[in-house]
Every structure is written in C-alpha cells, then in structure tokens.
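To be precise, the following lines are work35.cif, and they hold mmCIF, C-alpha atoms and all ligand atoms.
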```
data_data
loop_
_atom_site.label_atom_id
_atom_site.label_comp_id
_atom_site.auth_asym_id
_atom_site.auth_seq_id
_atom_site.Cartn_x
_atom_site.Cartn_y
_atom_site.Cartn_z
CA MET A 21 0.00 0.00 0.00
CA ALA A 22 1.00 3.64 -0.47
CA VAL A 23 1.05 4.58 3.20
CA GLU A 24 4.61 5.43 4.26
CA LYS A 25 4.95 7.05 7.70
CA LEU A 26 3.62 9.65 10.14
CA ARG A 27 5.10 13.14 9.97
CA CYS A 28 4.85 16.20 12.22
CA LYS A 29 2.85 18.91 10.48
CA GLU A 30 4.99 21.60 12.14
CA CYS A 31 8.63 20.43 12.21
CA GLY A 32 8.52 17.56 9.70
CA GLU A 33 9.91 14.90 12.07
CA GLY A 34 9.01 11.40 10.87
CA TYR A 35 7.48 8.61 12.98
CA PRO A 36 6.49 4.97 12.39
CA LEU A 37 2.83 4.17 11.64
CA GLU A 38 1.85 3.61 15.29
CA ALA A 39 -0.93 4.80 17.58
CA ARG A 40 0.62 8.22 18.22
CA TYR A 41 -0.69 11.68 17.48
CA VAL A 42 1.70 14.31 18.80
CA CYS A 43 5.30 15.19 17.92
CA GLU A 44 7.80 14.41 20.68
CA ARG A 45 10.00 17.32 19.59
CA CYS A 46 7.54 20.20 19.14
CA PHE A 47 4.09 18.84 20.21
CA GLY A 48 2.77 19.48 16.69
CA PRO A 49 0.05 17.21 15.24
CA LEU A 50 1.07 14.19 13.16
CA GLU A 51 -0.26 13.37 9.71
CA VAL A 52 -0.01 10.39 7.38
CA VAL A 53 2.45 10.54 4.48
CA TYR A 54 1.96 8.45 1.35
CA ASP A 55 4.12 7.40 -1.56
CA HIS A 56 1.76 7.42 -4.54
CA ARG A 57 4.35 6.79 -7.24
CA ALA A 58 3.19 3.22 -7.88
CA VAL A 59 -0.53 4.05 -8.29
CA LEU A 60 0.24 7.11 -10.40
CA ALA A 61 2.01 5.11 -13.09
CA ASP A 62 -1.32 4.79 -14.88
CA ILE A 63 -3.85 7.51 -13.95
CA GLU A 64 -6.60 6.18 -16.20
CA ALA A 65 -6.31 2.71 -14.65
CA LEU A 66 -6.47 4.29 -11.19
CA ARG A 67 -9.62 6.23 -12.13
CA ARG A 68 -11.24 3.07 -13.50
CA ARG A 69 -10.34 1.15 -10.35
CA ILE A 70 -11.89 3.85 -8.17
CA GLN A 71 -15.08 3.90 -10.26
CA ALA A 72 -15.36 0.12 -10.09
CA GLY A 73 -14.80 0.15 -6.32
CA SER A 74 -17.26 -0.55 -3.52
CA ALA A 75 -19.96 2.05 -2.79
CA ASP A 76 -18.26 3.26 0.39
CA VAL A 77 -15.07 5.01 1.54
CA TRP A 78 -12.95 1.99 0.60
CA ARG A 79 -13.18 2.82 -3.12
CA TYR A 80 -10.49 5.38 -2.15
CA SER A 81 -8.29 2.93 -0.25
CA ASP A 82 -5.23 4.06 -2.27
CA PHE A 83 -5.52 7.35 -0.36
CA LEU A 84 -6.38 5.95 3.08
CA PRO A 85 -3.92 4.94 5.81
CA LEU A 86 -4.30 1.17 5.97
CA ALA A 87 -1.23 -1.02 5.71
CA GLY A 88 -3.09 -4.12 4.57
CA GLY A 89 -5.73 -2.74 2.20
CA PRO A 90 -9.46 -2.18 2.70
CA PRO A 91 -11.37 -4.36 5.16
CA GLY A 92 -13.61 -6.96 3.57
CA PRO A 93 -14.40 -10.66 3.39
CA CYS A 94 -11.24 -11.36 1.33
CA ASN A 95 -8.91 -9.53 3.69
CA GLU A 96 -7.53 -11.66 6.52
CA LEU A 97 -6.32 -8.59 8.41
CA ALA A 98 -9.87 -7.37 8.91
CA PRO A 99 -12.33 -10.17 8.18
CA THR A 100 -15.41 -8.22 9.34
CA PRO A 101 -16.02 -5.31 6.95
CA GLY A 102 -17.73 -2.99 9.45
CA LEU A 103 -20.41 -0.41 8.65
CA PRO A 104 -20.42 0.75 5.02
CA ALA A 105 -19.69 4.48 5.39
CA GLY A 106 -19.57 7.10 2.66
CA TRP A 107 -20.62 7.30 -1.01
CA THR A 108 -23.48 9.57 0.05
CA PRO A 109 -25.64 11.51 -2.45
CA LEU A 110 -24.52 14.76 -4.05
CA THR A 111 -27.80 16.45 -4.96
CA ARG A 112 -28.23 19.48 -7.19
CA ALA A 113 -30.38 22.02 -5.29
CA ASP A 114 -31.89 24.29 -7.96
CA ARG A 115 -34.74 25.61 -5.84
CA LEU A 116 -32.34 26.53 -3.04
CA ALA A 117 -30.01 28.17 -5.59
CA GLU A 118 -32.90 30.18 -6.98
CA ARG A 119 -33.87 31.41 -3.51
CA LEU A 120 -30.28 32.54 -2.98
CA GLY A 121 -29.80 34.12 -6.40
CA LEU A 122 -27.12 31.58 -7.36
CA ARG A 123 -26.78 29.39 -10.46
CA GLU A 124 -25.43 26.08 -9.20
CA VAL A 125 -25.69 24.77 -5.65
CA TRP A 126 -25.11 21.16 -4.63
CA ILE A 127 -25.80 19.44 -1.32
CA LYS A 128 -23.37 16.75 -0.18
CA ASN A 129 -25.74 14.86 2.09
CA ASP A 130 -23.73 13.01 4.71
CA ALA A 131 -26.86 12.49 6.78
CA ALA A 132 -27.19 9.43 4.51
CA ASN A 133 -24.43 7.57 6.39
CA PRO A 134 -25.26 4.53 8.62
CA THR A 135 -25.53 6.57 11.84
CA HIS A 136 -26.63 9.66 9.94
CA SER A 137 -23.52 11.85 10.10
CA PHE A 138 -20.15 12.23 8.36
CA LYS A 139 -18.47 10.74 11.44
CA ASP A 140 -19.10 7.25 10.06
CA ARG A 141 -16.35 7.98 7.50
CA VAL A 142 -13.64 8.85 10.02
CA VAL A 143 -14.67 6.04 12.35
CA ALA A 144 -14.59 3.48 9.51
CA VAL A 145 -10.96 4.40 8.84
CA ALA A 146 -9.98 4.65 12.52
CA CYS A 147 -11.70 1.35 13.35
CA ALA A 148 -9.99 -0.49 10.47
CA ARG A 149 -6.57 0.94 11.39
CA ALA A 150 -7.14 0.18 15.09
CA ARG A 151 -7.76 -3.46 14.22
CA GLU A 152 -4.64 -3.58 12.07
CA LEU A 153 -2.70 -2.28 15.06
CA GLY A 154 -4.23 -4.98 17.27
CA PHE A 155 -6.53 -2.87 19.47
CA HIS A 156 -9.49 -4.62 21.08
CA ALA A 157 -11.64 -1.63 22.09
CA LEU A 158 -12.80 1.66 20.53
CA ALA A 159 -13.26 4.88 22.47
CA CYS A 160 -13.87 8.58 21.82
CA ALA A 161 -14.60 12.02 23.22
CA SER A 162 -17.69 13.22 21.39
CA THR A 163 -20.14 16.07 20.92
CA GLY A 164 -22.68 13.39 19.93
CA ASN A 165 -22.34 12.27 16.34
CA LEU A 166 -18.95 10.66 16.88
CA GLY A 167 -20.36 8.73 19.85
CA ASN A 168 -23.16 7.36 17.63
CA ALA A 169 -20.61 6.31 15.00
CA VAL A 170 -18.10 4.73 17.39
CA ALA A 171 -20.77 2.79 19.29
CA ALA A 172 -22.32 1.47 16.06
CA SER A 173 -19.01 0.70 14.38
CA ALA A 174 -17.74 -1.19 17.43
CA ALA A 175 -20.99 -3.17 17.56
CA ALA A 176 -20.69 -4.02 13.86
CA VAL A 177 -17.24 -5.59 14.29
CA GLY A 178 -17.82 -7.01 17.77
CA LEU A 179 -15.59 -4.75 19.85
CA PRO A 180 -16.46 -3.05 23.17
CA SER A 181 -16.73 0.75 23.04
CA TYR A 182 -16.26 3.57 25.56
CA VAL A 183 -17.95 6.84 24.67
CA PHE A 184 -17.50 10.10 26.61
CA ILE A 185 -19.96 12.96 26.00
CA PRO A 186 -20.96 16.23 27.69
CA SER A 187 -23.96 15.40 29.91
CA ASP A 188 -26.14 18.20 28.42
CA LEU A 189 -26.27 16.58 24.97
CA GLU A 190 -29.48 16.17 22.94
CA ASP A 191 -31.53 13.09 24.01
CA GLU A 192 -31.56 11.83 20.44
CA LYS A 193 -27.76 11.54 20.36
CA ILE A 194 -27.53 9.95 23.81
CA LEU A 195 -30.16 7.34 22.97
CA ALA A 196 -28.58 6.62 19.57
CA THR A 197 -25.30 5.78 21.33
CA GLY A 198 -26.54 3.77 24.31
CA VAL A 199 -28.69 1.53 22.15
CA TYR A 200 -25.59 -0.14 20.68
CA GLY A 201 -24.49 -1.40 24.10
CA SER A 202 -21.66 1.11 24.45
CA ASN A 203 -20.13 2.00 27.81
CA LEU A 204 -21.47 5.54 27.90
CA PHE A 205 -20.04 8.25 30.16
CA ALA A 206 -21.98 11.53 30.39
CA VAL A 207 -19.45 13.96 31.83
CA ARG A 208 -20.62 17.00 33.80
CA GLY A 209 -18.67 19.51 31.72
CA ASN A 210 -18.33 20.89 28.20
CA TYR A 211 -16.65 19.10 25.28
CA ASP A 212 -13.25 20.62 25.93
CA GLU A 213 -13.36 19.24 29.48
CA VAL A 214 -14.53 15.84 28.18
CA ASN A 215 -11.65 15.83 25.71
CA ARG A 216 -9.10 16.71 28.40
CA LEU A 217 -10.41 13.86 30.56
CA CYS A 218 -10.16 11.48 27.60
CA THR A 219 -6.53 12.44 26.97
CA GLU A 220 -5.85 11.34 30.57
CA VAL A 221 -7.94 8.18 30.18
CA SER A 222 -6.12 7.23 26.97
CA ALA A 223 -2.78 7.43 28.79
CA GLU A 224 -4.12 5.03 31.45
CA HIS A 225 -5.76 2.61 28.99
CA GLU A 226 -3.22 2.26 26.24
CA ASP A 227 -5.01 -0.79 24.83
CA TRP A 228 -8.02 1.37 23.84
CA ALA A 229 -8.10 2.96 20.40
CA PHE A 230 -9.36 6.49 21.09
CA VAL A 231 -10.43 7.31 17.54
CA ASN A 232 -9.96 11.08 17.91
CA ILE A 233 -6.92 10.96 20.21
CA ASN A 234 -4.30 8.23 19.67
CA MET A 235 -5.89 7.26 16.31
CA ARG A 236 -6.29 10.89 15.19
CA PRO A 237 -3.82 10.92 12.26
CA TYR A 238 -5.62 7.91 10.71
CA TYR A 239 -9.14 8.94 11.76
CA SER A 240 -8.90 12.42 10.23
CA GLU A 241 -7.84 10.98 6.86
CA GLY A 242 -11.37 9.58 6.48
CA SER A 243 -12.70 13.10 5.92
CA LYS A 244 -10.75 13.39 2.64
CA THR A 245 -13.29 11.01 1.12
CA VAL A 246 -15.90 13.82 1.20
CA ALA A 247 -13.75 15.75 -1.31
CA PHE A 248 -12.97 12.66 -3.40
CA GLU A 249 -16.68 11.83 -3.71
CA ILE A 250 -17.60 15.39 -4.67
CA VAL A 251 -15.01 15.33 -7.49
CA GLU A 252 -16.10 11.92 -8.72
CA GLN A 253 -19.82 12.78 -8.48
CA LEU A 254 -19.28 16.00 -10.44
CA GLY A 255 -17.84 13.89 -13.27
CA TRP A 256 -14.17 14.34 -12.24
CA GLU A 257 -14.50 18.09 -11.91
CA LEU A 258 -13.92 20.47 -9.02
CA PRO A 259 -16.49 22.77 -7.41
CA ASP A 260 -15.59 26.47 -7.22
CA ARG A 261 -16.46 26.69 -3.55
CA CYS A 262 -17.09 24.33 -0.67
CA ILE A 263 -18.88 25.35 2.54
CA VAL A 264 -18.00 23.20 5.54
CA PRO A 265 -19.02 23.50 9.22
CA ILE A 266 -16.21 23.84 11.78
CA ALA A 267 -16.01 22.11 15.15
CA SER A 268 -12.39 20.95 15.71
CA GLY A 269 -11.63 22.06 12.15
CA SER A 270 -10.51 18.57 11.12
CA LEU A 271 -13.27 18.08 8.49
CA PHE A 272 -12.53 21.49 6.92
CA THR A 273 -8.77 20.89 6.68
CA LYS A 274 -9.15 17.37 5.34
CA VAL A 275 -11.77 18.28 2.71
CA HIS A 276 -9.30 20.93 1.53
CA ARG A 277 -6.51 18.31 1.67
CA GLY A 278 -8.58 15.85 -0.38
CA PHE A 279 -9.06 18.35 -3.21
CA ALA A 280 -5.42 19.45 -3.04
CA GLU A 281 -4.14 15.86 -3.04
CA TRP A 282 -6.04 14.92 -6.19
CA ILE A 283 -5.00 18.15 -7.94
CA GLU A 284 -1.34 17.51 -7.04
CA LEU A 285 -1.55 13.91 -8.24
CA GLY A 286 -3.24 14.88 -11.50
CA LEU A 287 -6.49 12.99 -10.87
CA VAL A 288 -8.43 16.21 -11.43
CA SER A 289 -7.32 19.52 -12.90
CA GLY A 290 -8.19 23.07 -11.95
CA ARG A 291 -7.95 25.49 -9.06
CA ALA A 292 -8.40 24.34 -5.45
CA PRO A 293 -11.95 25.25 -4.38
CA THR A 294 -12.50 28.31 -2.21
CA MET A 295 -13.02 26.98 1.31
CA SER A 296 -15.69 28.77 3.38
CA GLY A 297 -16.10 27.75 7.02
CA ALA A 298 -19.29 27.89 9.09
CA GLN A 299 -19.58 28.36 12.86
CA ALA A 300 -22.29 29.33 15.34
CA VAL A 301 -22.03 32.75 17.00
CA GLY A 302 -22.24 30.96 20.37
CA CYS A 303 -19.01 29.08 19.60
CA ALA A 304 -17.02 30.96 16.98
CA PRO A 305 -13.33 30.96 17.96
CA VAL A 306 -12.22 30.39 14.34
CA ALA A 307 -14.58 32.97 12.79
CA THR A 308 -13.47 35.51 15.41
CA ALA A 309 -9.77 34.87 14.71
CA PHE A 310 -10.42 35.09 10.97
CA ALA A 311 -12.17 38.45 11.30
CA ALA A 312 -9.33 39.77 13.51
CA GLY A 313 -6.66 38.65 11.04
CA ALA A 314 -5.16 36.39 13.75
CA ASP A 315 -3.26 33.15 13.13
CA LEU A 316 -4.39 31.47 16.36
CA CYS A 317 -7.82 30.95 17.95
CA LYS A 318 -8.69 32.21 21.42
CA PRO A 319 -10.63 29.47 23.28
CA VAL A 320 -14.27 30.24 24.16
CA LYS A 321 -17.00 28.71 26.36
CA PRO A 322 -19.64 27.39 23.92
CA GLN A 323 -23.29 28.45 24.19
CA THR A 324 -25.22 27.42 21.07
CA ILE A 325 -27.97 25.09 19.84
CA ALA A 326 -25.39 23.68 17.38
CA LYS A 327 -23.97 21.31 19.99
CA SER A 328 -22.15 19.13 17.47
CA LEU A 329 -20.02 22.20 16.65
CA ALA A 330 -19.55 23.26 20.29
CA ILE A 331 -15.78 22.92 20.55
CA GLY A 332 -14.40 26.02 22.24
CA ASN A 333 -10.74 25.15 21.68
CA PRO A 334 -10.54 23.75 18.12
CA ALA A 335 -7.37 21.69 17.59
CA ASP A 336 -7.13 22.43 13.86
CA GLY A 337 -8.16 26.10 14.11
CA PRO A 338 -4.82 27.51 12.88
CA TYR A 339 -4.88 25.29 9.78
CA VAL A 340 -8.48 26.25 9.02
CA LEU A 341 -7.45 29.92 9.11
CA GLU A 342 -4.49 29.21 6.83
CA TYR A 343 -6.47 27.26 4.20
CA ALA A 344 -9.47 29.62 4.22
CA ARG A 345 -7.12 32.55 3.51
CA ALA A 346 -5.03 30.64 0.96
CA THR A 347 -8.12 29.74 -1.08
CA GLY A 348 -9.82 33.14 -0.83
CA GLY A 349 -12.52 31.90 1.52
CA THR A 350 -13.89 33.21 4.79
CA ILE A 351 -15.05 31.87 8.15
CA GLU A 352 -18.51 33.12 9.10
CA ALA A 353 -20.67 32.79 12.19
CA VAL A 354 -24.48 32.76 12.37
CA ASP A 355 -26.78 33.00 15.39
CA ASP A 356 -29.30 30.45 16.68
CA ASP A 357 -32.27 32.01 14.84
CA GLN A 358 -30.34 31.97 11.57
CA ILE A 359 -29.47 28.31 12.25
CA ARG A 360 -33.18 27.42 12.65
CA GLU A 361 -33.98 29.36 9.47
CA GLY A 362 -31.16 27.52 7.66
CA ILE A 363 -32.62 24.15 8.64
CA ARG A 364 -36.07 25.20 7.38
CA LEU A 365 -34.71 26.73 4.16
CA LEU A 366 -32.84 23.53 3.25
CA ALA A 367 -35.79 21.30 4.17
CA GLU A 368 -38.35 23.36 2.23
CA THR A 369 -36.25 23.70 -0.93
CA THR A 370 -34.55 20.28 -1.13
CA GLY A 371 -36.42 17.77 1.03
CA ILE A 372 -33.27 17.30 3.12
CA PHE A 373 -33.71 17.64 6.89
CA THR A 374 -30.44 18.47 8.60
CA GLU A 375 -29.35 18.83 12.19
CA THR A 376 -28.26 22.16 13.65
CA ALA A 377 -24.73 21.90 12.17
CA GLY A 378 -26.27 21.75 8.69
CA GLY A 379 -28.43 24.73 9.62
CA VAL A 380 -25.19 26.60 10.37
CA THR A 381 -23.78 25.65 6.94
CA VAL A 382 -26.90 26.68 5.02
CA ALA A 383 -27.24 29.92 6.99
CA VAL A 384 -23.64 30.81 6.13
CA LEU A 385 -24.29 29.96 2.48
CA ARG A 386 -27.28 32.29 2.54
CA GLU A 387 -25.29 35.04 4.25
CA LEU A 388 -22.42 34.83 1.74
CA ALA A 389 -24.89 34.91 -1.17
CA ARG A 390 -26.76 37.88 0.33
CA ARG A 391 -23.54 39.86 0.75
CA GLY A 392 -22.47 39.12 -2.82
CA GLU A 393 -19.34 37.21 -1.69
CA ILE A 394 -20.34 34.27 -3.87
CA ASP A 395 -20.23 35.00 -7.59
CA PRO A 396 -23.69 34.05 -8.96
CA ASP A 397 -22.01 31.77 -11.51
CA GLU A 398 -20.00 29.76 -8.99
CA ARG A 399 -20.55 26.05 -8.55
CA VAL A 400 -21.05 25.75 -4.78
CA VAL A 401 -21.15 22.60 -2.66
CA ALA A 402 -22.57 22.79 0.88
CA VAL A 403 -21.51 19.86 3.08
CA ILE A 404 -24.44 18.69 5.22
CA THR A 405 -22.90 16.70 8.04
CA GLY A 406 -25.83 15.27 9.99
CA ASP A 407 -29.53 14.36 10.12
CA GLY A 408 -32.30 16.60 11.48
CA LEU A 409 -33.75 13.74 13.53
CA LYS A 410 -30.72 14.15 15.82
CA THR A 411 -31.70 17.67 16.95
CA LEU A 412 -35.51 17.78 16.85
CA ASP A 413 -35.82 20.54 19.45
CA ALA A 414 -34.26 23.00 16.99
CA VAL A 415 -37.37 22.94 14.80
CA ARG A 416 -39.99 22.61 17.53
CA GLY A 417 -42.36 25.59 17.29
CA THR A 418 -41.04 26.77 13.91
CA PHE A 419 -44.23 25.77 12.05
CA GLU A 420 -47.97 25.66 12.60
CA MET A 421 -50.02 22.46 12.81
CA HIS A 422 -53.81 22.29 12.37
CA VAL A 423 -55.39 20.28 15.18
CA ILE A 424 -58.96 19.35 14.22
CA ASP A 425 -61.79 16.97 15.10
CA PRO A 426 -62.55 14.22 12.56
CA VAL A 427 -65.26 16.40 10.98
CA LEU A 428 -65.23 17.41 7.29
CA ASP A 429 -66.77 20.83 7.91
CA GLU A 430 -64.06 21.72 10.39
CA PHE A 431 -61.37 20.65 7.93
CA GLU A 432 -62.96 22.71 5.14
CA ALA A 433 -63.17 25.76 7.38
CA ARG A 434 -59.47 25.43 8.26
CA ILE A 435 -58.22 24.72 4.72
CA ALA A 436 -60.15 27.54 3.06
CA PRO A 437 -57.71 30.33 4.05
CA VAL A 438 -54.75 28.11 3.09
CA LEU A 439 -56.18 27.54 -0.40
CA ALA A 440 -57.29 31.16 -0.83
ZN ZN B 1 7.27 18.42 15.41
#
```

Just dump the structure as structure tokens.
Amino acid sequence: MAVEKLRCKECGEGYPLEARYVCERCFGPLEVVYDHRAVLADIEALRRRIQAGSADVWRYSDFLPLAGGPPGPCNELAPTPGLPAGWTPLTRADRLAERLGLREVWIKNDAANPTHSFKDRVVAVACARARELGFHALACASTGNLGNAVAASAAAVGLPSYVFIPSDLEDEKILATGVYGSNLFAVRGNYDEVNRLCTEVSAEHEDWAFVNINMRPYYSEGSKTVAFEIVEQLGWELPDRCIVPIASGSLFTKVHRGFAEWIELGLVSGRAPTMSGAQAVGCAPVATAFAAGADLCKPVKPQTIAKSLAIGNPADGPYVLEYARATGGTIEAVDDDQIREGIRLLAETTGIFTETAGGVTVAVLRELARRGEIDPDERVVAVITGDGLKTLDAVRGTFEMHVIDPVLDEFEARIAPVLA
C-alpha cells in the first residue's frame, strides 16, 4: 500500500505508523504521508479502479492509511467489513439556488451515512486501522455524532466501546449511542473538558483505540473522502467553492486536503476550491480569529444550539485559518435564529432535513450569497454533516399544525384560508 509514515505537520519529524498523534519534539500534530508513485504510473487505470470500487469510503483505499488494504471478506487482516460508510448523495439544489440568487448549488448529504452523520467515515478508517494495530476496544470524546458512529461501528465488528460525551447533549444523540451497548459516560462539563479527561484516560488505557486521540492521524484521513466523492460525483470536476461547518476544524482541513491531493496527483485539474467555514455565534473561535486577522484561535466557552459544533478550543483552528485565507474563503458565524432558518430553508427547498450543524452551513451559504461574496455563476457545494432527527428541538415551534376533530366541515373551514 501507499502509506509510508507519520510526519509532524509543524517540524517535519518522521514517525512509524503507530498509535501516536503528537510530535515528541515540538508537540505538533502528526499526519499520514503516502508514496503514490506506484498508483500514479497509470492515472486512467487508477480512475477506473476507483469507479469500479465498492460504494463506500474503501473505493479510495489508495488514499487511506491502511497497511493491509481495505477491510472486507477477502482480507484476513480485517475479516469483518464494518459499517459501510460514505458514497453519500450529491444532490443538485436548484430551488435553493434560486432562492439565494445563485446558479449552481449542490448538497453533499452526509446524513445518509449509517448513523446519519459524516463521522461514520472517520470512524470506519480509525476502526480499520485500530484493528490492524491490534486494538481490542474503541473509544472517543464526542459532541454526539462521533459517539453514535463509534458505538455502532464497534458493535458491527464485535468490539467493546467507551464513549464520553458532555452530559447536556441532545436526548436523540444519547439514545442513539446507548442503544448499541456502548459504555457511555456523560461527563458533567463541556466538550473541551470531556476531551481533556479522555486524553488522561487514553494514557491510562493504552489498549483502547481512542479514535480522535491516539488514532487521530488515521481517523482524520477519512474526511478526505468527502472531497474525493464530490469530485467523482461532479464527473471528475472540481467545485468552485465548498462550505464546511467547523467544530475541531478537522473536516474542513481534510476536505481541503482531499481536493489538493487529487490536484497535485493529477487525478483532477483546476484550481483548489474556495473553502468557506461555518460556525455558530455561540461558539465561533475560528470565525473571530479570521475576522481579527489572527493566526491562532482564542478558546471560548460554547453556548449554542449547534452542539455538534460546540468545541471552544478547536485543535485544527490555525490550519483552518491558513487554508481559508489561501483559497480566498472566509469563516462566518451565524446565530441560533439563523441556524433554525437555515434548517427550514434547506428542508423546504430540497427535502433534506439536517441537524443544527447543517443549519449553520446553510445559513452561512445564505449570508455569503446575500452579501455578494459568492459569484452568482460559482458552482457551490454545501456539506451537510448530519440528520435533522438528531436535533428535533431545533425545529420545535417553527411551524404551525392544524389540530382538528374528525369532521369534514371543520377541515374545510381550516383549509379555506390556506387555499385562498
Ligand atoms: Zn514536530
């Protein structure tokens, strides 16, 4: 396989492909390095192989950090394939585009994953790599969606799981984790406190694969598949702009990386898409730093209905700022009312019901269009990361329902003004 080593993103120090995530020299984050020379010998053959691949993230296994190839029934390293994540729909949203005064808007609908968020992608990769490395348990610190994905993925391959969440999470996300038989810990604190605890726990339980801690370099690579799919689904073309919500910033940086990687390798030609980031006003450390022209994010205490984005100290914040600026993008923040309106706007114009994080993304898309930052002729992709059934309270009370007796006259009286 093409995977070569881990390398520090800051100082360039190389490390073996182990369960490690931080540079011993400078404490910088580690990332996976590949040697693609072999697969690049015949680009057309590579494209054909991708197109003939399985309808999940493993069609891109040449760009994912497994030593022994994709998991599947023919692979002795990982005999149980796990949940089939990825290859979600890319839907053209003409009615939404029309409402926004734009020509071409697409929705990458990652609510269509097995546990209804993009986290199934990163967990699929982390889980497969964890099994290659011989781990016998999965764990994570989560704002909700990751917990759902880890618990389900562990159940699918028969491993125990340990999920740590803030105790004030939405019921839907708590229930959709516990149901898989996970060991669930609701921590009285915010995500940043949960994450700090998990860093300590992972040092004590070194035989647990913490997908977003000691597995982080492998885990984060899974997000590149969002970019790969967009390119493939657009007929091997690039979008002009991609709008991505920001929590830790990992999805944003890896979607950018996915586009950049395929441009560098010659799998697709053109300019790297403008990367626009979306945050909630109640947790906007990256948007604030962007507006101030700063290179680092100042941690905040989150207070927003977009709980899946409520990370006050985003690990990849500096890289998000760098890539947004390098591609001519921006990082925007929208308030809770705009988030609710974003959810409704997407639902009413596309039939796609997204959770609050998707409401943040659509509200930022609307704001950028309103301000004229998006050229009306741009091809825009909005990445919808999770399902609306996960955050039902966000839409409660945003529409009217007619409660009637089973009497035709009463119905006719109520429908008359609607039809008028
Ligand atoms: Zn380093």

Exercise for review: Can you pull out every residue within 10 Å of segment 107-121 of chain A, counting only C-alpha atoms, but drop anything in the same chain fewer than 2 positions away, and send it as number ranges by chain?
Suggested key: A: 74-79, 104-105, 123-133, 138, 141, 245-246, 248-250, 253-254, 365-372, 382, 385-390, 392, 394-397, 400-403

Practice item. Quick one: pull the distance between atom CA of Gly348 of chain A and atom CA of His276 of chain A, Å, one decimal. Key: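 Going from atom CA of Gly348 of chain A over to atom CA of His276 of chain A, I get 12.4 Å.
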
Review point. Nearest to Asp55 of chain A: which of A:Val23, A:Cys31, A:Ala175, A:Val301 is it, counting all atoms listed in the file?
Key: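 Of A:Val23, A:Cys31, A:Ala175, A:Val301, the one nearest Asp55 of chain A is A:Val23, counting all atoms listed in the file.
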
Exercise for review: Determine, counting all atoms listed in the file, which protein, DNA and RNA residues have an atom within 10 Å of an atom of Ser328 of chain A; residues of the same chain fewer than 4 positions away are not included. Present the result as a VMD selection string.
Suggested key: chain A and resid 162 to 166 189 to 190 193 211 265 to 267 324 375 to 377 405 to 406 411

Exercise for review: Rank A:Gly73, A:Pro305, A:Gly297, A:Gly269 by their smallest atom-to-atom distance to Gly349 of chain A, using all atoms listed in the file, and report the top residue only.
Suggested key: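 Checking each of A:Gly73, A:Pro305, A:Gly297, A:Gly269 against Gly349 of chain A, counting all atoms listed in the file, the winner is A:Gly297.
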
Review point. Just how far from atom CA of Leu37 of chain A is atom CA of Glu152 of chain A, in Å to one decimal?
Key: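 Taking atom CA of Glu152 of chain A as the start and atom CA of Leu37 of chain A as the end point, the length is 10.8 Å.
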
Practice item. List all protein, DNA and RNA residues that have any atom at most 6 Å from ligand ZN 1 (chain B), counting all atoms listed in the file, and write the list as a list of chain:residue names. Key: A:Cys28, A:Glu30, A:Cys31, A:Gly32, A:Glu33, A:Cys43, A:Arg45, A:Cys46, A:Phe47, A:Gly48

Practice item. Report the distance between atom CA of Val380 of chain A and atom CA of Ala161 of chain A in Å, rounded to one decimal place. Key: 22.1 Å

Check your understanding: For Val207 of chain A, which residue among A:Val183, A:Ala298, A:Ala172, A:Ala150 is the nearest when counting all atoms listed in the file?
Key ->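 Closest to Val207 of chain A, using all atoms listed in the file: A:Val183.
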
Review point. Of the candidates A:Cys317, A:Leu60, A:Cys160, A:Ala146, which one gets nearest to Val221 of chain A if we count only C-alpha atoms?
Key: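 That would be A:Cys160, the residue with the smallest distance to Val221 of chain A.
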
Check your understanding: Counting only C-alpha atoms, which of A:Leu329, A:Val438, A:Val231, A:Ala346 gets nearest to Arg149 of chain A?
Key ->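 For Arg149 of chain A, the nearest of the given residues is A:Val231.
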
**Study point:** Residue neighbourhood Ala307 of chain A, 7 Å, only C-alpha atoms, exclusion window fewer than 4 positions, as number ranges by chain
**Key:** A: 299, 311, 351-353

Review point. Given the choices A:Val143, A:His136, A:Ser187, A:Val42, which gets closest to Thr219 of chain A if the distance is worked out from all atoms listed in the file?
Key: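 Ranked by minimum distance to Thr219 of chain A, first place goes to A:Val42.
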
Point to revise | Contact residues around His225 of chain A with all atoms listed in the file at 12 Å, ignoring same-chain residues under 5 positions, as a list in words | key: Phe155, His156, Ala157, Leu158, Ala159, Tyr182, Cys218, Thr219, Glu220, Phe230 and Asn234 of chain A

**Study point:** Contacts of Asn333 of chain A within 7 Å, only C-alpha atoms, excl. fewer than 3 positions in-chain, as a list in words
**Key:**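 The residues satisfying every condition are Asp212, Pro319 and Val320 of chain A.
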